[in-house]
$ cat target26.cif   # mmCIF, C-alpha atoms
data_my_file
#
loop_
_atom_site.label_atom_id
_atom_site.label_comp_id
_atom_site.auth_asym_id
_atom_site.auth_seq_id
_atom_site.Cartn_x
_atom_site.Cartn_y
_atom_site.Cartn_z
CA MET A 1 -25.67 -7.49 -6.11
CA LYS A 2 -26.30 -9.30 -2.86
CA GLU A 3 -24.97 -8.30 0.54
CA GLN A 4 -23.31 -11.67 1.16
CA ASP A 5 -21.44 -11.45 -2.14
CA ILE A 6 -19.84 -8.18 -1.05
CA ILE A 7 -18.96 -9.61 2.37
CA ASP A 8 -17.40 -12.72 0.85
CA SER A 9 -15.46 -10.68 -1.72
CA ILE A 10 -13.98 -8.39 0.93
CA ALA A 11 -13.09 -11.37 3.14
CA GLY A 12 -11.47 -13.15 0.21
CA ALA A 13 -9.46 -10.06 -0.67
CA CYS A 14 -8.17 -9.72 2.91
CA GLN A 15 -7.04 -13.33 2.87
CA TYR A 16 -5.54 -13.12 -0.62
CA ILE A 17 -3.38 -10.07 0.07
CA SER A 18 -2.16 -11.56 3.35
CA TYR A 19 -0.19 -14.27 1.54
CA TYR A 20 0.30 -13.14 -2.09
CA HIS A 21 2.67 -10.38 -3.14
CA PRO A 22 1.58 -8.66 -6.36
CA GLU A 23 3.48 -9.97 -9.38
CA ASP A 24 4.95 -6.55 -10.21
CA PHE A 25 6.44 -6.29 -6.71
CA VAL A 26 8.03 -9.75 -6.98
CA LYS A 27 9.52 -8.90 -10.38
CA GLY A 28 10.88 -5.64 -8.97
CA MET A 29 12.48 -7.50 -6.06
CA VAL A 30 14.03 -10.10 -8.38
CA GLU A 31 15.55 -7.31 -10.46
CA ALA A 32 16.85 -5.64 -7.29
CA TYR A 33 18.38 -8.97 -6.20
CA GLU A 34 20.10 -9.53 -9.53
CA LYS A 35 21.80 -6.12 -9.58
CA GLU A 36 22.59 -5.88 -5.83
CA GLU A 37 26.31 -5.70 -5.00
CA SER A 38 26.13 -5.70 -1.19
CA GLU A 39 26.15 -9.26 0.19
CA ALA A 40 24.09 -8.31 3.26
CA ALA A 41 21.46 -6.52 1.21
CA LYS A 42 21.39 -9.32 -1.38
CA ASN A 43 20.76 -11.86 1.39
CA ALA A 44 17.97 -9.69 2.82
CA ILE A 45 16.24 -9.49 -0.57
CA ALA A 46 16.65 -13.25 -1.02
CA GLN A 47 15.00 -13.87 2.35
CA ILE A 48 12.05 -11.66 1.38
CA LEU A 49 11.63 -13.57 -1.90
CA ILE A 50 11.90 -16.98 -0.20
CA ASN A 51 9.39 -15.87 2.41
CA SER A 52 7.09 -14.66 -0.38
CA LYS A 53 7.16 -18.06 -2.08
CA MET A 54 6.61 -19.98 1.17
CA CYS A 55 3.65 -17.78 2.11
CA ALA A 56 2.07 -18.18 -1.33
CA MET A 57 2.43 -21.96 -1.14
CA GLY A 58 1.29 -22.32 2.47
CA HIS A 59 -1.33 -19.55 2.55
CA ARG A 60 0.25 -17.94 5.59
CA PRO A 61 0.83 -14.19 6.20
CA LEU A 62 3.75 -12.49 4.49
CA CYS A 63 4.45 -10.58 7.70
CA GLN A 64 3.38 -10.82 11.32
CA ASP A 65 1.91 -7.34 10.87
CA THR A 66 -1.10 -8.02 8.64
CA GLY A 67 -2.07 -4.37 8.61
CA SER A 68 -5.04 -2.10 8.99
CA VAL A 69 -7.49 -2.30 6.11
CA ASN A 70 -8.02 0.51 3.60
CA ILE A 71 -10.98 0.19 1.23
CA PHE A 72 -11.54 2.34 -1.86
CA ILE A 73 -15.08 1.78 -3.15
CA LYS A 74 -16.62 3.33 -6.25
CA VAL A 75 -20.39 2.77 -6.37
CA GLY A 76 -22.27 3.10 -9.63
CA LEU A 77 -25.48 5.10 -9.22
CA ASN A 78 -27.23 2.52 -11.41
CA ALA A 79 -25.98 -0.52 -9.49
CA LYS A 80 -28.67 -2.60 -7.81
CA LEU A 81 -27.57 -3.43 -4.26
CA GLU A 82 -29.64 -5.69 -2.03
CA LEU A 83 -28.54 -4.58 1.43
CA SER A 84 -30.18 -5.10 4.82
CA LYS A 85 -27.81 -2.69 6.56
CA GLU A 86 -25.58 0.30 5.82
CA LEU A 87 -22.90 -0.31 3.20
CA GLU A 88 -20.21 0.59 5.73
CA GLU A 89 -21.43 -2.20 8.02
CA VAL A 90 -21.35 -4.66 5.12
CA LEU A 91 -17.76 -3.73 4.23
CA ASN A 92 -16.62 -4.05 7.85
CA GLU A 93 -18.38 -7.40 8.15
CA GLY A 94 -16.29 -8.57 5.21
CA VAL A 95 -13.09 -7.38 6.89
CA ALA A 96 -14.05 -9.15 10.13
CA LYS A 97 -14.78 -12.37 8.27
CA GLY A 98 -11.46 -12.20 6.45
CA TYR A 99 -9.37 -11.52 9.53
CA THR A 100 -11.04 -14.13 11.76
CA ASP A 101 -10.87 -16.94 9.17
CA PRO A 102 -9.94 -20.05 11.24
CA ASP A 103 -7.80 -21.43 8.40
CA ASN A 104 -5.56 -18.35 8.41
CA THR A 105 -6.42 -16.02 11.28
CA LEU A 106 -4.75 -12.64 10.85
CA ARG A 107 -3.52 -10.17 13.45
CA TYR A 108 -5.99 -7.68 14.90
CA SER A 109 -4.35 -4.25 14.98
CA VAL A 110 -7.33 -1.91 15.42
CA VAL A 111 -8.52 -0.50 18.75
CA SER A 112 -11.71 1.29 19.76
CA ASP A 113 -11.70 4.42 21.91
CA PRO A 114 -8.23 5.29 20.58
CA ALA A 115 -7.86 8.27 22.93
CA GLY A 116 -9.09 6.28 25.93
CA GLU A 117 -9.00 2.60 26.86
CA ARG A 118 -7.69 1.47 23.44
CA LYS A 119 -9.42 -1.93 23.54
CA ASN A 120 -8.70 -4.24 20.63
CA THR A 121 -11.82 -4.77 18.50
CA LYS A 122 -10.81 -8.43 17.98
CA ASN A 123 -11.57 -8.48 14.26
CA ASN A 124 -9.45 -5.63 12.83
CA THR A 125 -12.45 -3.38 12.20
CA PRO A 126 -13.33 -0.68 11.46
CA ALA A 127 -11.60 -0.34 8.11
CA VAL A 128 -10.68 3.06 6.69
CA ILE A 129 -13.18 3.46 3.85
CA HIS A 130 -13.07 5.97 0.99
CA TYR A 131 -16.22 6.32 -1.14
CA SER A 132 -16.75 7.68 -4.62
CA VAL A 133 -19.56 7.39 -7.17
CA ASP A 134 -19.98 7.28 -10.93
CA ASN A 135 -22.87 6.75 -13.35
CA SER A 136 -22.22 3.06 -14.05
CA ASP A 137 -24.09 -0.04 -12.90
CA LYS A 138 -20.96 -1.50 -11.28
CA VAL A 139 -19.33 -1.48 -7.85
CA GLU A 140 -15.53 -1.36 -7.87
CA ILE A 141 -13.70 -2.17 -4.64
CA THR A 142 -9.97 -2.00 -3.95
CA VAL A 143 -8.74 -3.51 -0.69
CA ALA A 144 -5.32 -2.76 0.80
CA ALA A 145 -3.73 -3.75 4.11
CA LYS A 146 -1.15 -1.23 5.27
CA GLY A 147 1.25 -2.47 7.93
CA GLY A 148 2.24 -0.21 10.80
CA GLY A 149 5.86 0.01 9.67
CA SER A 150 4.84 1.88 6.55
CA GLU A 151 1.58 3.50 7.68
CA ASN A 152 3.11 5.01 10.82
CA LYS A 153 5.90 6.58 8.78
CA SER A 154 3.44 8.73 6.84
CA LYS A 155 4.47 12.39 6.66
CA PHE A 156 2.58 15.57 5.82
CA THR A 157 3.68 19.14 5.42
CA VAL A 158 2.51 22.47 4.03
CA LEU A 159 5.25 23.98 1.88
CA ASN A 160 5.68 27.57 0.82
CA PRO A 161 5.46 28.11 -2.95
CA SER A 162 9.21 28.63 -3.07
CA ASP A 163 10.00 25.42 -1.15
CA SER A 164 11.26 22.28 -2.86
CA ILE A 165 9.13 19.13 -2.82
CA TYR A 166 12.23 17.16 -3.81
CA ASP A 167 14.25 18.46 -0.84
CA TRP A 168 11.43 17.75 1.63
CA VAL A 169 10.98 14.16 0.42
CA MET A 170 14.71 13.44 0.45
CA GLU A 171 15.09 14.79 3.98
CA ASN A 172 12.21 12.69 5.29
CA VAL A 173 13.39 9.49 3.63
CA ARG A 174 16.80 9.95 5.24
CA GLN A 175 15.16 10.46 8.65
CA MET A 176 12.89 7.41 8.28
CA GLY A 177 15.82 5.08 7.77
CA ALA A 178 14.70 1.44 7.69
CA GLY A 179 11.63 1.76 9.94
CA TRP A 180 9.25 1.27 7.01
CA CYS A 181 10.87 -2.04 5.95
CA PRO A 182 12.48 -1.19 2.60
CA PRO A 183 12.67 -2.00 -0.27
CA GLY A 184 9.22 -0.60 -0.89
CA ILE A 185 7.21 1.88 -2.89
CA LEU A 186 7.01 5.57 -2.01
CA GLY A 187 3.62 7.23 -2.50
CA ILE A 188 3.37 11.02 -2.73
CA GLY A 189 0.32 13.29 -3.00
CA ILE A 190 0.73 16.92 -4.03
CA GLY A 191 -1.82 19.70 -3.88
CA GLY A 192 -5.44 20.11 -2.90
CA ASN A 193 -5.94 20.60 0.83
CA PRO A 194 -4.31 18.55 3.63
CA GLU A 195 -6.67 15.55 3.62
CA LYS A 196 -6.78 15.48 -0.20
CA SER A 197 -3.01 15.30 -0.55
CA MET A 198 -2.79 12.48 2.00
CA LEU A 199 -5.52 10.56 0.16
CA LEU A 200 -3.74 11.08 -3.16
CA ALA A 201 -0.56 9.65 -1.63
CA LYS A 202 -2.43 6.54 -0.48
CA GLU A 203 -4.19 6.14 -3.84
CA SER A 204 -0.91 6.43 -5.72
CA LEU A 205 0.31 3.26 -4.01
CA MET A 206 -2.49 1.25 -5.65
CA ASP A 207 -0.80 1.58 -9.06
CA HIS A 208 1.55 -0.97 -10.66
CA VAL A 209 5.34 -0.80 -10.41
CA ASP A 210 6.34 0.77 -13.73
CA ILE A 211 9.37 2.97 -13.03
CA HIS A 212 11.54 1.05 -15.50
CA GLU A 213 9.02 1.62 -18.29
CA LEU A 214 9.11 5.32 -17.42
CA LYS A 215 12.92 5.34 -17.49
CA LYS A 216 12.91 3.69 -20.89
CA ARG A 217 10.48 6.13 -22.56
CA GLY A 218 11.54 9.23 -20.63
CA ALA A 219 9.56 11.77 -18.62
CA LYS A 220 6.81 13.72 -20.37
CA ASN A 221 5.92 16.18 -17.59
CA ALA A 222 7.12 17.65 -14.29
CA VAL A 223 5.58 14.89 -12.15
CA GLU A 224 7.33 12.16 -14.14
CA GLU A 225 10.61 14.10 -13.94
CA LEU A 226 10.22 14.27 -10.16
CA ARG A 227 9.43 10.54 -9.95
CA LEU A 228 12.61 9.64 -11.83
CA ARG A 229 14.80 12.07 -9.90
CA LEU A 230 13.55 10.84 -6.52
CA TYR A 231 13.87 7.19 -7.55
CA GLU A 232 17.48 7.60 -8.63
CA ASP A 233 18.58 9.80 -5.72
CA ILE A 234 16.79 7.89 -2.91
CA ASN A 235 18.50 4.71 -4.08
CA LYS A 236 21.85 6.51 -3.87
CA ILE A 237 21.34 7.25 -0.15
CA GLY A 238 22.32 3.68 0.70
CA ILE A 239 19.58 2.68 3.18
CA GLY A 240 18.95 -0.46 1.14
CA ALA A 241 17.10 -3.67 1.90
CA GLN A 242 16.03 -3.76 5.57
CA GLY A 243 18.48 -0.92 6.23
CA LEU A 244 21.51 -3.07 5.39
CA GLY A 245 22.80 -0.77 2.66
CA GLY A 246 22.94 -1.53 -1.04
CA LEU A 247 21.45 -0.24 -4.25
CA THR A 248 17.70 -0.54 -3.77
CA THR A 249 15.74 1.39 -1.15
CA VAL A 250 12.66 2.09 -3.31
CA LEU A 251 11.29 -0.08 -6.11
CA ASP A 252 9.20 2.80 -7.45
CA VAL A 253 8.07 6.33 -6.61
CA LYS A 254 4.41 7.13 -7.23
CA ILE A 255 2.96 10.66 -7.40
CA LEU A 256 -0.59 11.92 -7.81
CA ASP A 257 -1.55 15.59 -7.83
#

$ encode --input "target26.cif" --output "structure tokens"
Amino acid sequence: MKEQDIIDSIAGACQYISYYHPEDFVKGMVEAYEKEESEAAKNAIAQILINSKMCAMGHRPLCQDTGSVNIFIKVGLNAKLELSKELEEVLNEGVAKGYTDPDNTLRYSVVSDPAGERKNTKNNTPAVIHYSVDNSDKVEITVAAKGGGSENKSKFTVLNPSDSIYDWVMENVRQMGAGWCPPGILGIGIGGNPEKSMLLAKESLMDHVDIHELKKRGAKNAVEELRLRLYEDINKIGIGAQGLGGLTTVLDVKILD
């Protein structure tokens, strides 16, 4: 596997996710639109869907905030990599190439010396990179761009054994209001130590929207019961699309533990 192939793949992924919503998200939004009863919320969902189609056709960003890049990379111990530099440098070079593409230049959100001068790096690097290994001969890379509206609303807590995860999540969703640009997907990580639970929450968001399949077959364990309960009750709060009220605040609730 050649260095340039990795760079080009990362760059292509950054471009692709800037203007294409995943199909499962679009289907979830269409379903939300069809059942919505609030005219304001229905119009907001329609605007998101129209914007999605226009961005896909024109290859232009879905949002002015094109996010900070998160990379999950699983490297097979038997993979043959031809690299002239550290893998981290290669991955960041791919991000830089993707974000500075002259045909669709994306916003640079990352600064260096974050506690000091906070100078923009001018290519949206460095990415946040999470490594893992297995015994295969493959390299698997997942690229995500998390916008500030959702990333900056991340919450963490340490609960006592007697505390309720459900109550804590519900309280925080109410406090967040519309600042994370709903409708969206809520990712939750439970257990491990602090950094592990936060990573689990981020990883959970990489999964497909499947809450309706879960509703149809029913919960088989405590995590699935919690997913369904949170999904139903968060959507009863009434925050709705872009904070305009209505029936859909979350399209899905994801949990890893």

$ residues_around --input "target26.cif" --residues "A:Leu87" --least-positions-apart "5" --cutoff "10 Å" --atoms "all atoms listed in the file" --output "compact mmCIF listing (two decimals) with C-alpha atoms, in the coordinates of the input"
# COMPACT_ATOMS: atom_id res chain seq x y z
CA GLU A 3 -24.97 -8.30 0.54
CA ILE A 6 -19.84 -8.18 -1.05
CA LEU A 81 -27.57 -3.43 -4.26
CA ASN A 92 -16.62 -4.05 7.85
CA GLU A 93 -18.38 -7.40 8.15

$ resolve_selection --input "target26.cif" --expression "the PyMOL selection byres ((chain A and resi 121) around 7)" --output "compact mmCIF listing (two decimals) with C-alpha atoms, keeping the file's coordinate frame"
# COMPACT_ATOMS: atom_id res chain seq x y z
CA VAL A 110 -7.33 -1.91 15.42
CA VAL A 111 -8.52 -0.50 18.75
CA SER A 112 -11.71 1.29 19.76
CA LYS A 119 -9.42 -1.93 23.54
CA ASN A 120 -8.70 -4.24 20.63
CA LYS A 122 -10.81 -8.43 17.98
CA ASN A 123 -11.57 -8.48 14.26
CA ASN A 124 -9.45 -5.63 12.83
CA THR A 125 -12.45 -3.38 12.20

$ axis_aligned_box --input "target26.cif" --around "stretch 101-117 of chain A" --padding-each-side "3 Å" --output "lines of an AutoDock Vina configuration file"
center_x = -7.6
center_y = -6.6
center_z = 17.6
size_x = 14.2
size_y = 35.7
size_z = 24.5

$ resolve_selection --input "target26.cif" --expression "the PyMOL selection byres ((chain A and resi 96) around 10)" --output "PyMOL selection string"
chain A and resi 7+10-11+14+90-95+97-101+106+108+121-127

$ write_last_selection --input "target26.cif" --atoms "C-alpha atoms" --output "PDB file, keeping the file's coordinate frame"
ATOM      1  CA  ILE A   7     -18.960  -9.610   2.370  1.00  0.00           C
ATOM      2  CA  ILE A  10     -13.980  -8.390   0.930  1.00  0.00           C
ATOM      3  CA  ALA A  11     -13.090 -11.370   3.140  1.00  0.00           C
ATOM      4  CA  CYS A  14      -8.170  -9.720   2.910  1.00  0.00           C
ATOM      5  CA  VAL A  90     -21.350  -4.660   5.120  1.00  0.00           C
ATOM      6  CA  LEU A  91     -17.760  -3.730   4.230  1.00  0.00           C
ATOM      7  CA  ASN A  92     -16.620  -4.050   7.850  1.00  0.00           C
ATOM      8  CA  GLU A  93     -18.380  -7.400   8.150  1.00  0.00           C
ATOM      9  CA  GLY A  94     -16.290  -8.570   5.210  1.00  0.00           C
ATOM     10  CA  VAL A  95     -13.090  -7.380   6.890  1.00  0.00           C
ATOM     11  CA  LYS A  97     -14.780 -12.370   8.270  1.00  0.00           C
ATOM     12  CA  GLY A  98     -11.460 -12.200   6.450  1.00  0.00           C
ATOM     13  CA  TYR A  99      -9.370 -11.520   9.530  1.00  0.00           C
ATOM     14  CA  THR A 100     -11.040 -14.130  11.760  1.00  0.00           C
ATOM     15  CA  ASP A 101     -10.870 -16.940   9.170  1.00  0.00           C
ATOM     16  CA  LEU A 106      -4.750 -12.640  10.850  1.00  0.00           C
ATOM     17  CA  TYR A 108      -5.990  -7.680  14.900  1.00  0.00           C
ATOM     18  CA  THR A 121     -11.820  -4.770  18.500  1.00  0.00           C
ATOM     19  CA  LYS A 122     -10.810  -8.430  17.980  1.00  0.00           C
ATOM     20  CA  ASN A 123     -11.570  -8.480  14.260  1.00  0.00           C
ATOM     21  CA  ASN A 124      -9.450  -5.630  12.830  1.00  0.00           C
ATOM     22  CA  THR A 125     -12.450  -3.380  12.200  1.00  0.00           C
ATOM     23  CA  PRO A 126     -13.330  -0.680  11.460  1.00  0.00           C
ATOM     24  CA  ALA A 127     -11.600  -0.340   8.110  1.00  0.00           C
TER      25      ALA A 127
END

$ residues_near_point --input "target26.cif" --point "(0.7, 18.9, 5.1)" --cutoff "12 Å" --atoms "all atoms listed in the file" --output "VMD selection string"
chain A and resid 154 to 160 165 168 188 to 199 201

$ residues_around --input "target26.cif" --residues "stretch 131-133 of chain A" --least-positions-apart "6" --cutoff "7 Å" --atoms "all atoms listed in the file" --output "list in words"
Phe72, Ile73, Lys74, Val75, Gly76 and Leu77 of chain A

$ atom_distance --input "target26.cif" --atom1 "atom CA of A:Asp103" --atom2 "atom CA of A:Gly149"
25.5 Å

$ atom_distance --input "target26.cif" --atom1 "atom CA of A:Gly147" --atom2 "atom CA of A:Met54"
19.5 Å

$ closest_atom_pairs --input "target26.cif" --of "stretch 4-77 of chain A" --to "stretch 232-247 of chain A" --cutoff "8 Å" --atoms "all atoms listed in the file" --output "JSON lines"
{"residue": "A:Ala32", "atom": "CA", "partner": "A:Leu247", "partner_atom": "CA", "distance": 7.7}
{"residue": "A:Lys35", "atom": "CA", "partner": "A:Leu247", "partner_atom": "CA", "distance": 7.9}
{"residue": "A:Glu36", "atom": "CA", "partner": "A:Leu247", "partner_atom": "CA", "distance": 6.0}
{"residue": "A:Glu37", "atom": "CA", "partner": "A:Gly246", "partner_atom": "CA", "distance": 6.7}
{"residue": "A:Ser38", "atom": "CA", "partner": "A:Gly246", "partner_atom": "CA", "distance": 5.3}
{"residue": "A:Ala40", "atom": "CA", "partner": "A:Leu244", "partner_atom": "CA", "distance": 6.2}
{"residue": "A:Ala41", "atom": "CA", "partner": "A:Ala241", "partner_atom": "CA", "distance": 5.3}
{"residue": "A:Lys42", "atom": "CA", "partner": "A:Ala241", "partner_atom": "CA", "distance": 7.8}
{"residue": "A:Ala44", "atom": "CA", "partner": "A:Ala241", "partner_atom": "CA", "distance": 6.2}
{"residue": "A:Ile45", "atom": "CA", "partner": "A:Ala241", "partner_atom": "CA", "distance": 6.4}

$ residues_around --input "target26.cif" --residues "A:Tyr16" --least-positions-apart "6" --cutoff "12 Å" --atoms "all atoms listed in the file" --output "ChimeraX atom specification"
/A:8-10,22,55-62,66,98-99,101,104,106,143-145

$ closest_residue --input "target26.cif" --among "A:Val30, A:Gln4, A:Trp180, A:Ile255" --to "A:Leu200" --atoms "only C-alpha atoms"
A:Ile255

$ atom_distance --input "target26.cif" --atom1 "atom CA of A:Glu34" --atom2 "atom CA of A:Thr248"
10.9 Å

$ residues_around --input "target26.cif" --residues "A:Ser136" --least-positions-apart "2" --cutoff "6 Å" --atoms "all atoms listed in the file" --output "PDB file with C-alpha atoms, keeping the file's coordinate frame"
ATOM      1  CA  GLY A  76     -22.270   3.100  -9.630  1.00  0.00           C
ATOM      2  CA  ASN A  78     -27.230   2.520 -11.410  1.00  0.00           C
ATOM      3  CA  ASP A 134     -19.980   7.280 -10.930  1.00  0.00           C
ATOM      4  CA  LYS A 138     -20.960  -1.500 -11.280  1.00  0.00           C
TER       5      LYS A 138
END

$ resolve_selection --input "target26.cif" --expression "the PyMOL selection byres ((chain A and resi 231) around 9)" --output "number ranges by chain"
A: 186, 211, 226-230, 232-236, 249-253

$ closest_residue --input "target26.cif" --among "A:Pro102, A:Pro182, A:Lys254, A:Ala79" --to "A:Glu140" --atoms "only C-alpha atoms"
A:Ala79
